[in-house]
Amino acid sequence: MTEELVEQEIAREQRFVDRVHRQLEDAGRAAQQLAREGHERGRLGHEGGLVERDAMVFQAAKRIAQLDAAHEGLVFGRLDLRPERDPEPRYVGRIGLRDENRDSLLIDWRAPAAAVFYQATAATPQDVVRRRVLRSAGTTVTSVEDELLDAEGNTEDLPILGEGALMAQLSRARDRTMHSIVATIQAEQDKAIRAPSRGVTTISGGPGVGKTVVALHRAAYLLYTDRRRYESGGVLVVGPSGVFMRYIERVLPSLGETAVALRSLGEVVDGVRATRHDEPAVADIKGAVRMAELMRRAARQQAPGSPTSYRVFWYDTTIVLDRGLLGRLRRQIMSQGRRNRQLPRVTPTLLDAMWRQVRSERGRDQGRESFDDDMLGNDDFLDFVLAWWPPVTAPEVLGWLRDPDLLARVGEGVVTPEEQRLLLKSWAGLGDAPTGGGLSVADVALLDELRYALGDVPARTDDERDDPISLIEGGVDIQELMTASDREYAPSGRAWSAPTHSIDDDPFAHVLIDEAQDLTPMQWRMVGRRGRTASWTIVGDPAQSSWPVPAESAEARAEALAGKEIHEFHLSTNYRNSAEIYAFAAAYAERVGLDVDLPTAVRSTGVEPRRVGPAGSAAELEASVREAVVEVAGQVGGTVGVVVPVARRSEVNAWLASWPELADDARGARAAVDSSVTPSGEDRVVVLTGLDTKGLEFDAIVVVRPQEIEEESLTGRSTLYVVLTRATQLLTTVS
């Protein structure tokens, strides 16, 4: 293969890529023109013109966003088929384009016509003679990689260039984000991507097999094949951490898809964002399914500080609502449904109980209507109603559990005294804000449980708004009562307002869960509510689980997916790790008794994992870590992950920041200690805990004190196994 031939082939492909980019620019101008025409329609001044304007502008904006996202690697594939099947080459790209004659110029990678690009093999070429992958920098073709799939069909003597697209992809340096693999999807991956849209698609396999990126490409494929359904219902992608979500955030936009909600487990509930992780012992308590009963009991408690009695004199009768009567009325109302949903029943129930106490002739002569009018005009009574049964939010109820006596009462038989002590310590920093300041990631599932136990406050109808104090089926509108009383009930001094997001708005059309093996039973309940009518993609590897009671989690998962058809796919090839690194990790798993899935690593570097140490004192440990990090940072061109026990991350982070030889590489290390902070995209060396590495990969990994990572939790061995499988090129342990 001569240099001249390579240049000729690149030049040939460059001419086609230039043509495609010219067509892309024409399509962009057409979309801009459509947007302008839409705005012109809106000037017609009638309803039809406004509807047309909105539709045209919306469609134009979608197309413009799609075209803008397509520039990176717009054309990446070429198929040369047997001449009798198709004499013209087919080009595959991120989006589909037609030429000026409306003929297909570029095939969208998700289209059925592009499936053969991924599915053809030398064993079953499907009439494909040569498969070519084009690599570009901007609009410039930089290289081509070929695979000859049908030697007998190569009657045109097509040249075969390069070492193969997949191996070229595997050898490139990593940066801080995951990239699309549309050019190098393999046959077993493609089957999972194009699985039936209904039901549940599970993608399993050991480390490095591409589970995450395959699942993301599946989301893009579903949006392509049934856009109306998935755009209108929404696609939710849930990952283990903020670090992970930032790592994958570029994949779907690079494929032209933006109608997707990317949320970490601490962000699943709208309006809530939690990044703090509890200690393992506390997280294990909060994740257990028995916490659902604790939250249900808490949601039924009387609001702290609410009145326990009410007394009023009316026409010769002293009316008393004492503790016993109020308790019975409370149970009566609560038996009819969720707490907040019963707000319209509270006032009529109280008025009924009070009217039954009216015994005087003067009072009875006035009649029930006069009694109700007098009570509803009484500010003291209205204040009592609002204080006795206020509309409450989930963060407020969770905050009630900071009271040891209340927690002991609702926690009897659910959590032990020692577990109560740990929970109280964890919740000490909870704020009173509506979004629940101070929440941990594990608290978010508890918050969601409370949202559903409490229910939403009923929305007012138009008739209710027109009639300030309306009696509808015997009910008084609580918001109108609040207006009439013109008082603020909340302890924080703020007036309550209806939430903008209802529990009825939670479900999505498709739910994608990554690192599913780590979800606690309570998190499965939370995510399950978002997917009641959805199709699902579930990605995970049981051997990498950080939840200590797999059976309980499996039961919660089965409940979330009840009644849905399951499509199972297993990926068996490790594309991430070198054979040397994965052999090291697999040997560790066998040594500590983990039942792991062992995929086949497809490449070898000849470089064995390295051990540095021993390092007994703090000074010796710092010197060993410094030696290891400086060495690997000098050997790889991409990212370096320094993985540490939770208790040591501040210490190790400070070391890195003080080492002059890593001043440029470690600028983001301090920020990276807090996984909620995004380091600069240029920072190569980052400090992470074992759980932070879930779903990520680095060119090199330095593991500090692996035995301490093992001992951090009941699932520490699984966590360490995950850590040992994150490196693509170099692995060093410091112990």
# chains A, B, ... in the order shown; residues from 1 in each chain; ligands from 1
call {"tool": "residues_around", "arguments": {"residues": "Ala554 (chain A)", "least_positions_apart": "5", "cutoff": "10 Å", "atoms": "only C-alpha atoms", "output": "short mmCIF file (atom, residue, chain, number, x, y, z; two decimals) with N, CA and C atoms, in the first residue's frame"}}
result
data_model
loop_
_atom_site.label_atom_id
_atom_site.label_comp_id
_atom_site.auth_asym_id
_atom_site.auth_seq_id
_atom_site.Cartn_x
_atom_site.Cartn_y
_atom_site.Cartn_z
N GLN A 517 -27.43 -1.99 38.29
CA GLN A 517 -27.15 -2.89 39.41
C GLN A 517 -26.95 -2.13 40.72
N LEU A 519 -28.85 0.55 41.73
CA LEU A 519 -30.05 1.19 42.25
C LEU A 519 -30.54 0.47 43.51
N THR A 520 -30.86 1.25 44.52
CA THR A 520 -31.43 0.70 45.74
C THR A 520 -32.91 0.40 45.49
N PRO A 521 -33.54 -0.41 46.36
CA PRO A 521 -34.98 -0.64 46.20
C PRO A 521 -35.79 0.66 46.17
N TRP A 524 -35.39 2.23 42.78
CA TRP A 524 -36.21 1.53 41.78
C TRP A 524 -37.66 1.99 41.86
N VAL A 549 -27.85 -5.89 49.21
CA VAL A 549 -28.92 -6.89 49.30
C VAL A 549 -29.53 -7.07 47.92
N GLU A 559 -40.97 -5.29 40.36
CA GLU A 559 -42.22 -4.56 40.57
C GLU A 559 -42.31 -3.36 39.63
N ALA A 560 -41.19 -2.67 39.42
CA ALA A 560 -41.18 -1.51 38.52
C ALA A 560 -41.47 -1.91 37.08
#
call {"tool": "select_by_dssp", "arguments": {"residues": "region 194-323 of chain A", "states": "alpha helix (DSSP H)", "output": "ChimeraX atom specification"}}
result
/A:211-225,227-233,242-248,251-254,280-287,291-299,323
call {"tool": "residues_around", "arguments": {"residues": "region 441-445 of chain A", "least_positions_apart": "5", "cutoff": "10 Å", "atoms": "only C-alpha atoms", "output": "VMD selection string"}}
result
chain A and resid 240 to 241 264 to 269 272 to 278 282 to 287 291 to 292 395 398 426 to 427 436 450 to 451 519 to 527
call {"tool": "residues_around", "arguments": {"residues": "region 98-102 of chain A", "least_positions_apart": "6", "cutoff": "10 Å", "atoms": "only C-alpha atoms", "output": "list in words"}}
result
Arg19, Val20, Arg22, Gln23, Leu24, Asp26 and Ala27 of chain A
call {"tool": "write_last_selection", "arguments": {"atoms": "C-alpha atoms", "output": "compact mmCIF listing (two decimals), in the first residue's frame"}}
result
# COMPACT_ATOMS: atom_id res chain seq x y z
CA ARG A 19 -20.42 17.90 -1.65
CA VAL A 20 -22.32 16.75 1.43
CA ARG A 22 -22.46 22.08 0.57
CA GLN A 23 -25.80 20.29 0.67
CA LEU A 24 -25.88 20.69 4.45
CA ASP A 26 -28.24 24.53 1.52
CA ALA A 27 -30.47 22.60 3.92
call {"tool": "closest_atom_pairs", "arguments": {"of": "region 566-683 of chain A", "to": "region 204-213 of chain A", "cutoff": "7 Å", "atoms": "only C-alpha atoms", "output": "Markdown table"}}
result
| residue | atom | partner | partner_atom | distance |
| --- | --- | --- | --- | --- |
| A:Phe569 | CA | A:Ser204 | CA | 6.3 |
| A:His570 | CA | A:Ser204 | CA | 4.8 |
| A:Leu571 | CA | A:Gly205 | CA | 4.9 |
| A:Ser572 | CA | A:Gly205 | CA | 6.1 |
| A:Thr573 | CA | A:Val209 | CA | 5.3 |
| A:Asn574 | CA | A:Val209 | CA | 4.4 |
| A:Tyr575 | CA | A:Gly208 | CA | 5.5 |
| A:Arg576 | CA | A:Gly208 | CA | 4.5 |
| A:Asn577 | CA | A:Gly208 | CA | 6.5 |
| A:Asp597 | CA | A:Gly206 | CA | 5.0 |
| A:Leu598 | CA | A:Gly206 | CA | 5.9 |
| A:Pro599 | CA | A:Gly206 | CA | 5.7 |
call {"tool": "write_last_selection", "arguments": {"atoms": "C-alpha atoms", "output": "tab-separated table (two decimals), in the first residue's frame"}}
result
chain	number	residue	atom	x	y	z
A	569	PHE	CA	-28.90	-8.76	25.14
A	570	HIS	CA	-25.49	-9.75	26.41
A	571	LEU	CA	-22.27	-8.11	25.18
A	572	SER	CA	-19.20	-10.29	25.41
A	573	THR	CA	-16.23	-8.32	24.04
A	574	ASN	CA	-14.19	-5.93	26.19
A	575	TYR	CA	-13.18	-3.01	23.99
A	576	ARG	CA	-11.90	-0.80	26.82
A	577	ASN	CA	-9.16	-2.61	28.70
A	597	ASP	CA	-18.90	-11.83	33.81
A	598	LEU	CA	-15.59	-12.23	31.96
A	599	PRO	CA	-15.69	-10.59	28.52
call {"tool": "closest_residue", "arguments": {"among": "A:Arg338, A:Arg368, A:Arg345, A:Arg218", "to": "Arg300 (chain A)", "atoms": "only C-alpha atoms"}}
result
A:Arg338
call {"tool": "residues_around", "arguments": {"residues": "region 3-7 of chain A", "least_positions_apart": "3", "cutoff": "10 Å", "atoms": "only C-alpha atoms", "output": "ChimeraX atom specification"}}
result
/A:10-13,142-144,159-162
call {"tool": "residues_around", "arguments": {"residues": "Leu329 (chain A)", "least_positions_apart": "5", "cutoff": "10 Å", "atoms": "only C-alpha atoms", "output": "list in words"}}
result
Leu321, Arg323, Gly324, Met334, Ser335, Val346, Thr349, Leu350 and Ala353 of chain A
call {"tool": "residues_around", "arguments": {"residues": "Arg726 (chain A)", "least_positions_apart": "4", "cutoff": "10 Å", "atoms": "only C-alpha atoms", "output": "list in words"}}
result
Pro207, Gly208, Arg576, Asn577, Ile581, Tyr582, Ala585, Gly641, Thr693, Lys694, Gly695, Leu696, Glu697, Phe698, Asp699, Ala700, Ile701, Tyr721, Val722, Leu730 and Leu731 of chain A
call {"tool": "closest_residue", "arguments": {"among": "A:Gln186, A:Leu407, A:Arg591, A:Val687", "to": "Arg649 (chain A)", "atoms": "only C-alpha atoms"}}
result
A:Val687
